[in-house]
Structures are given as C-alpha cells and as structure tokens.
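Below is one structure, written out as structure tokens, with a few remarks after it.
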Amino acid sequence: MKQEFIKALPILKKLEAAGYEAYFVGGAVRDQYLSRPVNDVDIATSATPAEVKVIFRKTIDVGIEHGTVVVLFEDNHYEVTTFRSESEYVDFRHPSKVSFIRNLREDMARRDFTINALAMDSDGKIYDYFSGQADLENRCIRAVNDPIERFNEDALRMLRAIRFEGQLGFDIEEATKAAIASCVDNIRHVSQERITTEIEKILVSSCTEKALEAIVATKLHLYLAGLTGLSSVSFGDTVSLAERWSVLLLHLEAEPVSFLQEWRCSNELTRTVQSIMRTVGAVEGFGWSDHRLFEAGITTAKSAEKVMLARGTSVGSYPVDKAFQALPIKEASALAVSGRDLIKWSAIAAGPWIGEALTLAIQAILARQLENEKEQIKAWLIQNKLIQVK
Ligand code: ATP
Ligand code: MG
C-alpha cells in the first residue's frame, strides 16, 4: 500500500470500527496500480453523510446532497462519499435523483470507466467488479456497462475518456469510442468551465497529440468553441499550459484574448499566452534581436522559442539564454533614471514625453550607444533634446 493510503488508513479504520464499510476508490487506486503518483485519495463508505460527521471531529460540508463530506485529518483532507446510485439523468449532466445505498458494487457501477471503478479495503484487498485491472493491463479505457447509456447520462464522460487517453497514453476501447462518436453532440449540454478543465488537463498531459487526434476522430472538436479547424498538432518540448495553449492557438490561427475569454480562462493565463504569441509573431517575422528579447523578458522568450521549435519555425540556433544574459539592461525597472528624475531636471511639466524619453534611452542602451548610468543618461537626454533643463 502506498504511503498516501497508509496516511489515510485511520479514516477507514474508524468507519469500520463504527460498523460501516469503507474503501479507497477511484483514481488513487488506479494510479497505485500503474505506479503513478497518487493525487487525492478518495474514500467511499456505507455511512451516510450525517453518520460520517458524527465520527469525525473536523469535517466540511461540500456536497451533502451528493453524499460527500470532506474529512480533515492530519494536515490532509479527504473526500468521503456515501455509496450512491444515480438515476434518471436530466439534460445529459445532472442525475435527477441520488440514492444512498449500502452496497459497494452498485457504487462502482455508477462510475465512468472500468479503470476508475476499483476499490481497495484497509487490508489492501482490491475489489474489481468490472475487470478494471485487466483493462489497466491492456491499457484500455472502457465504459462501465453500456457506453451509450453512460454518455447519455453525463456527456462530460466523453471528454474524460479522451483526457485519460492523454494522461495515461491508453487507447479507448472500440465500443466506447464508437459511442463517443455517436453521442458527441450531447457535449453541448456541458458547461464551458467543465470542458475547459478537461481540455487543460489534456493540454498538459504526456500524450496531448494522441488525445487531440481522438477529439478530431470522434468529431468532438466540431462542438467545442473555436476548435472546428483542429487537425494534427505537434507540441514538441513545450511543457507549461500557456505554451501548450500558444501552440494550439497559433495552429488554429485564433486571436488569443477573445478565444481564451470564451473558454473562461484566467486573465493571468490569457496575458501570458498573449505575450508568448506576440513574441512568436515578431520573431517569426523578423528574427530575434536584443530589443525583442528585452521586450519579451527571459521567461516569455524561452517559451516562445520552444513554441517555435514545436511549430518548426525556429532556426534553433539562437542562444536565447546567453543573449539575454548579455543584454546591457534586462528590464525597464533597471534603468538608472526614473520618470521622477526627469521631472526634477525638466523645465516642462510631466506628460507623455516622459515615457517616450525613457523608452528611447532604453533603446539606446540596448543598442550599446549609451551606458545605463545616471549622469550619462541625463547628458544624452539633453544632447538629444529629449528634456529641456531648467
Ligand atoms: P484525477 O483526479 O487524476 O483527475 P480521477 O479518476 O481521480 O482522476 P476525479 O474527477 O477525481 O477523477 O473523480 C474521482 C472518481 O469519481 C473517478 O475515478 C470516477 O470513479 C468517479 N467519477 C468522476 N467523475 C465522474 C463522472 N463524470 N461519471 C462517473 N464517474 C465519475
Ligand atoms: Mg481524483
């Protein structure tokens, strides 16, 4: 049993001591089997939420109506969910009725894929009602029971199947894949936020190209905002989410701000993608220069270079790191004079001329025509009539 489970073992033991059944379930059991890092350890139990809350001192209500209570235990928190079955899904996403049950097998039957329908008890014994271990061995993503029914219940599962394909490098089993292809238009009923979460997990996964190919093969892309032009994309050595989005948006020839807003991405991510794409556009057009490196900053410059290598548009021989280290000034805040100095020296009132003068000074420093030294910059500004001294 992995350390993460051993840490959470007292929770199972306490539930058992109180007369309930309790198991580790879902992704953590799957990831242990695959010797992958185990993320959150989820627990399923026959105890109802109210019964769970009686047993543990520190709990948080997160989704009582779905049977989930978070138990805080030794600096960790665990989702403890009552065995449940779901019935009569409405609008392809919400079960109209969640019934708490006292039986593990039925709880496993409501889960999406056989590889996620595994449970482990406090002795480390695995409960596998749907041949999940065989599918893990065969590297196969298969819906639990009838795939068409399962995708009609919850359309997000289609994208989850493809996300697991990206993360695990597995193949989606034929009937499950065919069911996705026949149910794709149900994805319209899923919120953009839930779609974005899955696509972003796909973008940072180890088999992104494979997963995007599955999206195209199943025609799911025709129902995802702005992705109709998707075809095969190569991500090279890009790693971060912003780099991955940049490769994808350049491939789609999409305008990043409106696209990422529609996808409900954060403003910070949008800004990062925008600066990477702006740098790529400039360098693809005119090549690297000290000025461009300075404008981009080292982080964006390195990302842009990786994005261009993935796109096959980089010459690959420009030493971004070395060239940046050699810049005579690396960021605007490092300029030896400030706007305040200019106001102090000048006979005319503050105005847009200050920013312009500072920019010109930076350009002269980058061009090695001027040193980044206060008195020299002042003299240069006067000489070039960029300030009128008192
Ligand atoms: P990871 O946390 O690594 O992204 P996971 O398999 O743990 O993967 P979660 O979204 O954390 O995925 O869900 C935990 C478990 O809940 C899953 O393993 C699966 O058994 C079940 N599950 C999650 N979402 C669904 C769904 N839409 N339909 C059916 N079962 C689901
Ligand atoms: Mg999980």
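The chains in the structure tokens are called A, B, ... from first to last as shown; in each chain the residues are counted from 1, and the ligands are counted from 1 in the order shown.
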
**Study point:** Within 10 Å of ligand 1, counting only C-alpha atoms and all ligand atoms, residues as an NGL selection string
**Key:** :A and (25-31 or 36-44 or 79 or 81 or 86 or 93-94 or 107-119 or 143-144 or 150-151 or 153-161 or 163-164 or 167-168 or 197-198 or 201)

Long-range neighbours of Trp288 (chain A) as a compact mmCIF listing (two decimals) with N, CA and C atoms, in the first residue's frame, 8 Å cut-off, only C-alpha atoms, 5 positions minimum in chain:
```
# COMPACT_ATOMS: atom_id res chain seq x y z
N VAL A 283 9.14 37.31 -33.84
CA VAL A 283 10.38 36.60 -34.17
C VAL A 283 10.23 35.81 -35.47
N LEU A 293 14.17 40.54 -27.27
CA LEU A 293 14.44 39.78 -26.05
C LEU A 293 14.07 40.59 -24.81
N TYR A 318 19.57 30.21 -32.16
CA TYR A 318 19.72 31.47 -31.43
C TYR A 318 19.83 31.19 -29.94
```

Exercise for review: Name the residues in contact with Gln363 (chain A) at a cut-off of 8 Å, using only C-alpha atoms, excluding same-chain residues fewer than 4 positions from it; report them as a list of chain:residue names.
Suggested key: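 Here the answer would be A:His291, A:Thr359, A:Ala367.
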
Check your understanding: Which one of A:Val273, A:Ala18, A:Ala361, A:Leu381 sits closest to Trp345 (chain A) if you count only C-alpha atoms?
Key ->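 Using only C-alpha atoms, Trp345 (chain A) sits closest to A:Leu381.
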
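Contact shell of region 51-54 of chain A at 10 Å (only C-alpha atoms; same-chain neighbours under 4 positions omitted): Lys14, Leu15, Ala18, Tyr20, Thr45, Ser46, Ala47, Lys58, Thr59, Ile60, Asp61, Gly67, Thr68, Val69, Val70, Val71, Val80, Thr81 and Thr82 of chain A.
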
Please produce an output containing all heavy atoms for each residue in the selection, written as a short mmCIF file (atom, residue, chain, number, x, y, z; two decimals), in the first residue's frame.
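Output saved as part_12.cif:
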```
data_model
loop_
_atom_site.label_atom_id
_atom_site.label_comp_id
_atom_site.auth_asym_id
_atom_site.auth_seq_id
_atom_site.Cartn_x
_atom_site.Cartn_y
_atom_site.Cartn_z
N LYS A 14 -11.62 3.89 11.39
CA LYS A 14 -12.64 4.49 12.26
C LYS A 14 -14.04 4.19 11.76
O LYS A 14 -14.94 3.90 12.54
CB LYS A 14 -12.45 6.01 12.31
CG LYS A 14 -11.52 6.46 13.41
CD LYS A 14 -11.67 7.96 13.65
CE LYS A 14 -10.87 8.35 14.87
NZ LYS A 14 -10.74 9.80 14.99
N LEU A 15 -14.20 4.29 10.44
CA LEU A 15 -15.52 3.99 9.87
C LEU A 15 -15.87 2.52 10.10
O LEU A 15 -17.00 2.18 10.47
CB LEU A 15 -15.53 4.32 8.37
CG LEU A 15 -15.61 5.82 8.04
CD1 LEU A 15 -15.14 6.10 6.63
CD2 LEU A 15 -17.04 6.34 8.23
N ALA A 18 -16.91 1.76 13.58
CA ALA A 18 -18.28 2.20 13.86
C ALA A 18 -19.31 1.31 13.15
O ALA A 18 -20.51 1.61 13.18
CB ALA A 18 -18.45 3.66 13.45
N TYR A 20 -19.34 0.48 9.78
CA TYR A 20 -19.62 0.76 8.36
C TYR A 20 -18.55 0.11 7.47
O TYR A 20 -17.47 -0.24 7.94
CB TYR A 20 -19.64 2.27 8.11
CG TYR A 20 -20.65 2.98 8.97
CD1 TYR A 20 -20.23 3.75 10.07
CD2 TYR A 20 -22.01 2.87 8.72
CE1 TYR A 20 -21.15 4.39 10.88
CE2 TYR A 20 -22.94 3.51 9.53
CZ TYR A 20 -22.51 4.27 10.61
OH TYR A 20 -23.42 4.90 11.40
N THR A 45 -17.95 5.06 1.38
CA THR A 45 -18.39 4.38 2.60
C THR A 45 -19.88 4.09 2.58
O THR A 45 -20.64 4.77 1.88
CB THR A 45 -18.05 5.23 3.85
OG1 THR A 45 -18.50 4.55 5.02
CG2 THR A 45 -18.70 6.60 3.80
N SER A 46 -20.28 3.11 3.41
CA SER A 46 -21.72 2.83 3.54
C SER A 46 -22.36 3.81 4.52
O SER A 46 -23.58 3.89 4.60
CB SER A 46 -21.93 1.39 4.01
OG SER A 46 -21.28 1.20 5.26
N ALA A 47 -21.55 4.56 5.27
CA ALA A 47 -22.12 5.53 6.22
C ALA A 47 -22.72 6.71 5.47
O ALA A 47 -22.17 7.15 4.47
CB ALA A 47 -21.03 6.02 7.16
N LYS A 58 -13.39 17.00 12.64
CA LYS A 58 -13.28 18.13 11.71
C LYS A 58 -13.76 17.72 10.32
O LYS A 58 -13.11 16.91 9.64
CB LYS A 58 -11.81 18.58 11.62
CG LYS A 58 -11.38 19.36 12.85
CD LYS A 58 -10.03 19.99 12.60
CE LYS A 58 -9.05 19.60 13.70
NZ LYS A 58 -7.66 19.73 13.32
N THR A 59 -14.88 18.28 9.92
CA THR A 59 -15.41 17.98 8.59
C THR A 59 -15.89 19.26 7.92
O THR A 59 -16.14 20.26 8.58
CB THR A 59 -16.61 17.01 8.65
OG1 THR A 59 -17.65 17.64 9.39
CG2 THR A 59 -16.25 15.68 9.28
N ILE A 60 -15.97 19.23 6.61
CA ILE A 60 -16.53 20.36 5.86
C ILE A 60 -17.61 19.80 4.95
O ILE A 60 -17.41 18.77 4.29
CB ILE A 60 -15.46 21.04 4.96
CG1 ILE A 60 -14.18 21.37 5.74
CG2 ILE A 60 -16.03 22.31 4.33
CD1 ILE A 60 -13.05 21.87 4.85
N ASP A 61 -18.74 20.49 4.94
CA ASP A 61 -19.81 20.08 4.02
C ASP A 61 -19.49 20.62 2.64
O ASP A 61 -19.37 21.83 2.47
CB ASP A 61 -21.16 20.68 4.46
CG ASP A 61 -21.61 20.09 5.79
OD1 ASP A 61 -20.94 19.15 6.27
OD2 ASP A 61 -22.62 20.56 6.31
N GLY A 67 -23.71 13.35 -1.20
CA GLY A 67 -23.15 12.36 -0.28
C GLY A 67 -21.71 12.60 0.11
O GLY A 67 -21.08 11.74 0.70
N THR A 68 -21.16 13.77 -0.24
CA THR A 68 -19.74 13.99 0.03
C THR A 68 -19.50 14.89 1.25
O THR A 68 -20.07 15.97 1.34
CB THR A 68 -19.03 14.60 -1.19
OG1 THR A 68 -19.26 13.74 -2.31
CG2 THR A 68 -17.54 14.73 -0.97
N VAL A 69 -18.64 14.41 2.14
CA VAL A 69 -18.19 15.21 3.29
C VAL A 69 -16.67 15.20 3.21
O VAL A 69 -16.07 14.17 2.93
CB VAL A 69 -18.64 14.54 4.61
CG1 VAL A 69 -18.03 15.25 5.81
CG2 VAL A 69 -20.16 14.53 4.71
N VAL A 70 -16.05 16.37 3.43
CA VAL A 70 -14.59 16.39 3.48
C VAL A 70 -14.16 16.18 4.92
O VAL A 70 -14.64 16.88 5.82
CB VAL A 70 -14.03 17.72 2.91
CG1 VAL A 70 -12.55 17.88 3.28
CG2 VAL A 70 -14.19 17.75 1.39
N VAL A 71 -13.29 15.22 5.13
CA VAL A 71 -12.77 14.97 6.47
C VAL A 71 -11.35 15.52 6.54
O VAL A 71 -10.51 15.21 5.70
CB VAL A 71 -12.77 13.45 6.78
CG1 VAL A 71 -12.04 13.16 8.08
CG2 VAL A 71 -14.20 12.93 6.83
N VAL A 80 -14.98 12.02 1.56
CA VAL A 80 -15.61 10.76 1.97
C VAL A 80 -17.04 10.79 1.42
O VAL A 80 -17.83 11.67 1.77
CB VAL A 80 -15.61 10.63 3.51
CG1 VAL A 80 -16.33 9.35 3.94
CG2 VAL A 80 -14.18 10.64 4.05
N THR A 81 -17.32 9.87 0.51
CA THR A 81 -18.61 9.90 -0.19
C THR A 81 -19.41 8.63 0.10
O THR A 81 -18.86 7.52 0.01
CB THR A 81 -18.38 10.05 -1.71
OG1 THR A 81 -17.57 11.21 -1.92
CG2 THR A 81 -19.70 10.21 -2.46
N THR A 82 -20.65 8.82 0.44
CA THR A 82 -21.53 7.68 0.71
C THR A 82 -21.78 6.90 -0.58
O THR A 82 -21.98 7.51 -1.64
CB THR A 82 -22.86 8.21 1.27
OG1 THR A 82 -22.56 9.06 2.38
CG2 THR A 82 -23.76 7.06 1.73
#
```

Point to revise | Picked from region 87-132 of chain A by DSSP as strand (DSSP E or B), as an MDAnalysis selection string | key: chainID A and resid 87:90 94:100 113 118:120 126:128

Write the selection just made, keeping N, CA and C atoms, as a compact mmCIF listing (two decimals), in the first residue's frame?
```txt
# COMPACT_ATOMS: atom_id res chain seq x y z
N SER A 87 -29.86 8.01 -10.72
CA SER A 87 -30.86 7.55 -11.68
C SER A 87 -31.47 8.71 -12.45
N GLU A 88 -32.04 8.38 -13.58
CA GLU A 88 -32.78 9.34 -14.41
C GLU A 88 -32.03 10.66 -14.58
N TYR A 89 -31.04 10.59 -15.39
CA TYR A 89 -30.30 11.82 -15.67
C TYR A 89 -31.17 12.78 -16.47
N VAL A 90 -31.12 14.05 -16.09
CA VAL A 90 -31.81 15.04 -16.91
C VAL A 90 -30.77 15.86 -17.65
N HIS A 94 -27.08 16.13 -15.12
CA HIS A 94 -27.39 16.02 -13.69
C HIS A 94 -28.28 14.82 -13.39
N PRO A 95 -27.86 13.98 -12.46
CA PRO A 95 -28.78 12.92 -12.06
C PRO A 95 -29.96 13.57 -11.35
N SER A 96 -31.18 13.16 -11.70
CA SER A 96 -32.34 13.80 -11.08
C SER A 96 -32.51 13.28 -9.66
N LYS A 97 -31.92 12.12 -9.41
CA LYS A 97 -32.08 11.55 -8.07
C LYS A 97 -30.80 10.83 -7.69
N VAL A 98 -30.29 11.14 -6.51
CA VAL A 98 -29.15 10.41 -5.99
C VAL A 98 -29.67 9.61 -4.81
N SER A 99 -29.49 8.28 -4.86
CA SER A 99 -29.96 7.50 -3.71
C SER A 99 -28.76 6.93 -2.99
N PHE A 100 -28.74 7.09 -1.68
CA PHE A 100 -27.67 6.48 -0.91
C PHE A 100 -27.99 5.00 -0.75
N PHE A 113 -15.43 4.77 -15.92
CA PHE A 113 -14.65 3.78 -16.67
C PHE A 113 -14.20 2.64 -15.75
N LEU A 118 -12.44 0.86 -9.31
CA LEU A 118 -11.71 -0.06 -8.45
C LEU A 118 -11.80 0.44 -7.01
N ALA A 119 -11.84 -0.48 -6.08
CA ALA A 119 -11.83 -0.09 -4.67
C ALA A 119 -10.80 -0.93 -3.93
N MET A 120 -10.31 -0.40 -2.82
CA MET A 120 -9.31 -1.13 -2.03
C MET A 120 -9.70 -1.00 -0.55
N ILE A 126 -8.16 -5.66 -3.29
CA ILE A 126 -8.78 -4.90 -4.38
C ILE A 126 -10.15 -5.49 -4.74
N TYR A 127 -11.13 -4.63 -4.93
CA TYR A 127 -12.47 -5.04 -5.37
C TYR A 127 -12.64 -4.53 -6.79
N ASP A 128 -12.84 -5.46 -7.71
CA ASP A 128 -12.81 -5.12 -9.13
C ASP A 128 -13.97 -5.83 -9.82
```

Practice item. Do a neighbour search on Ser182 (chain A) at 12 Å with only C-alpha atoms, toss out local chain neighbours closer than 4 positions, and write the hits as a list in words. Key: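 Contacts, in chain order: Pro147, Ile148, Glu149, Phe151, Asn152, Ala155, Met158, Ala175, Thr176, Lys177, Ala178, Asn186, Ile187, Ala217, Thr218, Lys219 and Leu220 of chain A.
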
Practice item. Based on DSSP run over this structure's backbone, return all residues of region 102-229 of chain A in helix (DSSP H, G or I), as a PyMOL selection string. Key: chain A and resi 104-109+114-116+132-137+147-153+156-168+174-189+192-203+208-217+220-223

Exercise for review: Within 9 Å of Leu136 (chain A), counting only C-alpha atoms, which residues show up once you throw out same-chain ones fewer than 4 positions away? Write them as a PyMOL selection string, please.
Suggested key: chain A and resi 30+33-34+114-115+131-132+140-141+170

Export of prior selection with N, CA and C atoms as a compact mmCIF listing (two decimals), in the first residue's frame:
```
# COMPACT_ATOMS: atom_id res chain seq x y z
N ARG A 30 -6.41 3.38 -9.05
CA ARG A 30 -5.92 3.21 -10.42
C ARG A 30 -4.44 3.61 -10.51
N TYR A 33 -1.98 1.21 -8.92
CA TYR A 33 -1.78 0.03 -9.77
C TYR A 33 -0.79 0.33 -10.89
N LEU A 34 -0.86 1.55 -11.42
CA LEU A 34 0.01 1.93 -12.54
C LEU A 34 1.36 2.46 -12.08
N THR A 114 -13.99 1.49 -16.34
CA THR A 114 -13.64 0.31 -15.52
C THR A 114 -12.36 0.58 -14.72
N ILE A 115 -11.42 1.32 -15.30
CA ILE A 115 -10.16 1.59 -14.59
C ILE A 115 -10.37 2.53 -13.41
N SER A 131 -13.69 -5.74 -14.25
CA SER A 131 -12.43 -6.07 -14.93
C SER A 131 -11.57 -4.85 -15.20
N GLY A 132 -11.55 -3.94 -14.25
CA GLY A 132 -10.71 -2.75 -14.37
C GLY A 132 -9.23 -3.08 -14.41
N CYS A 140 -6.40 0.09 -21.58
CA CYS A 140 -7.65 0.27 -22.29
C CYS A 140 -8.67 1.06 -21.46
N ILE A 141 -9.30 2.05 -22.07
CA ILE A 141 -10.33 2.84 -21.39
C ILE A 141 -11.69 2.36 -21.88
N PHE A 170 -3.31 5.46 -22.86
CA PHE A 170 -4.09 4.27 -23.18
C PHE A 170 -4.89 4.50 -24.46
```

Exercise for review: For Thr272 (chain A), list every protein, DNA or RNA residue within 12 Å, evaluated using only C-alpha atoms, and leave out those in the same chain fewer than 2 positions away; present the list as a VMD selection string.
Suggested key: chain A and resid 240 to 246 256 to 257 260 265 to 270 274 to 279 296 to 297 299 to 301 303 to 304
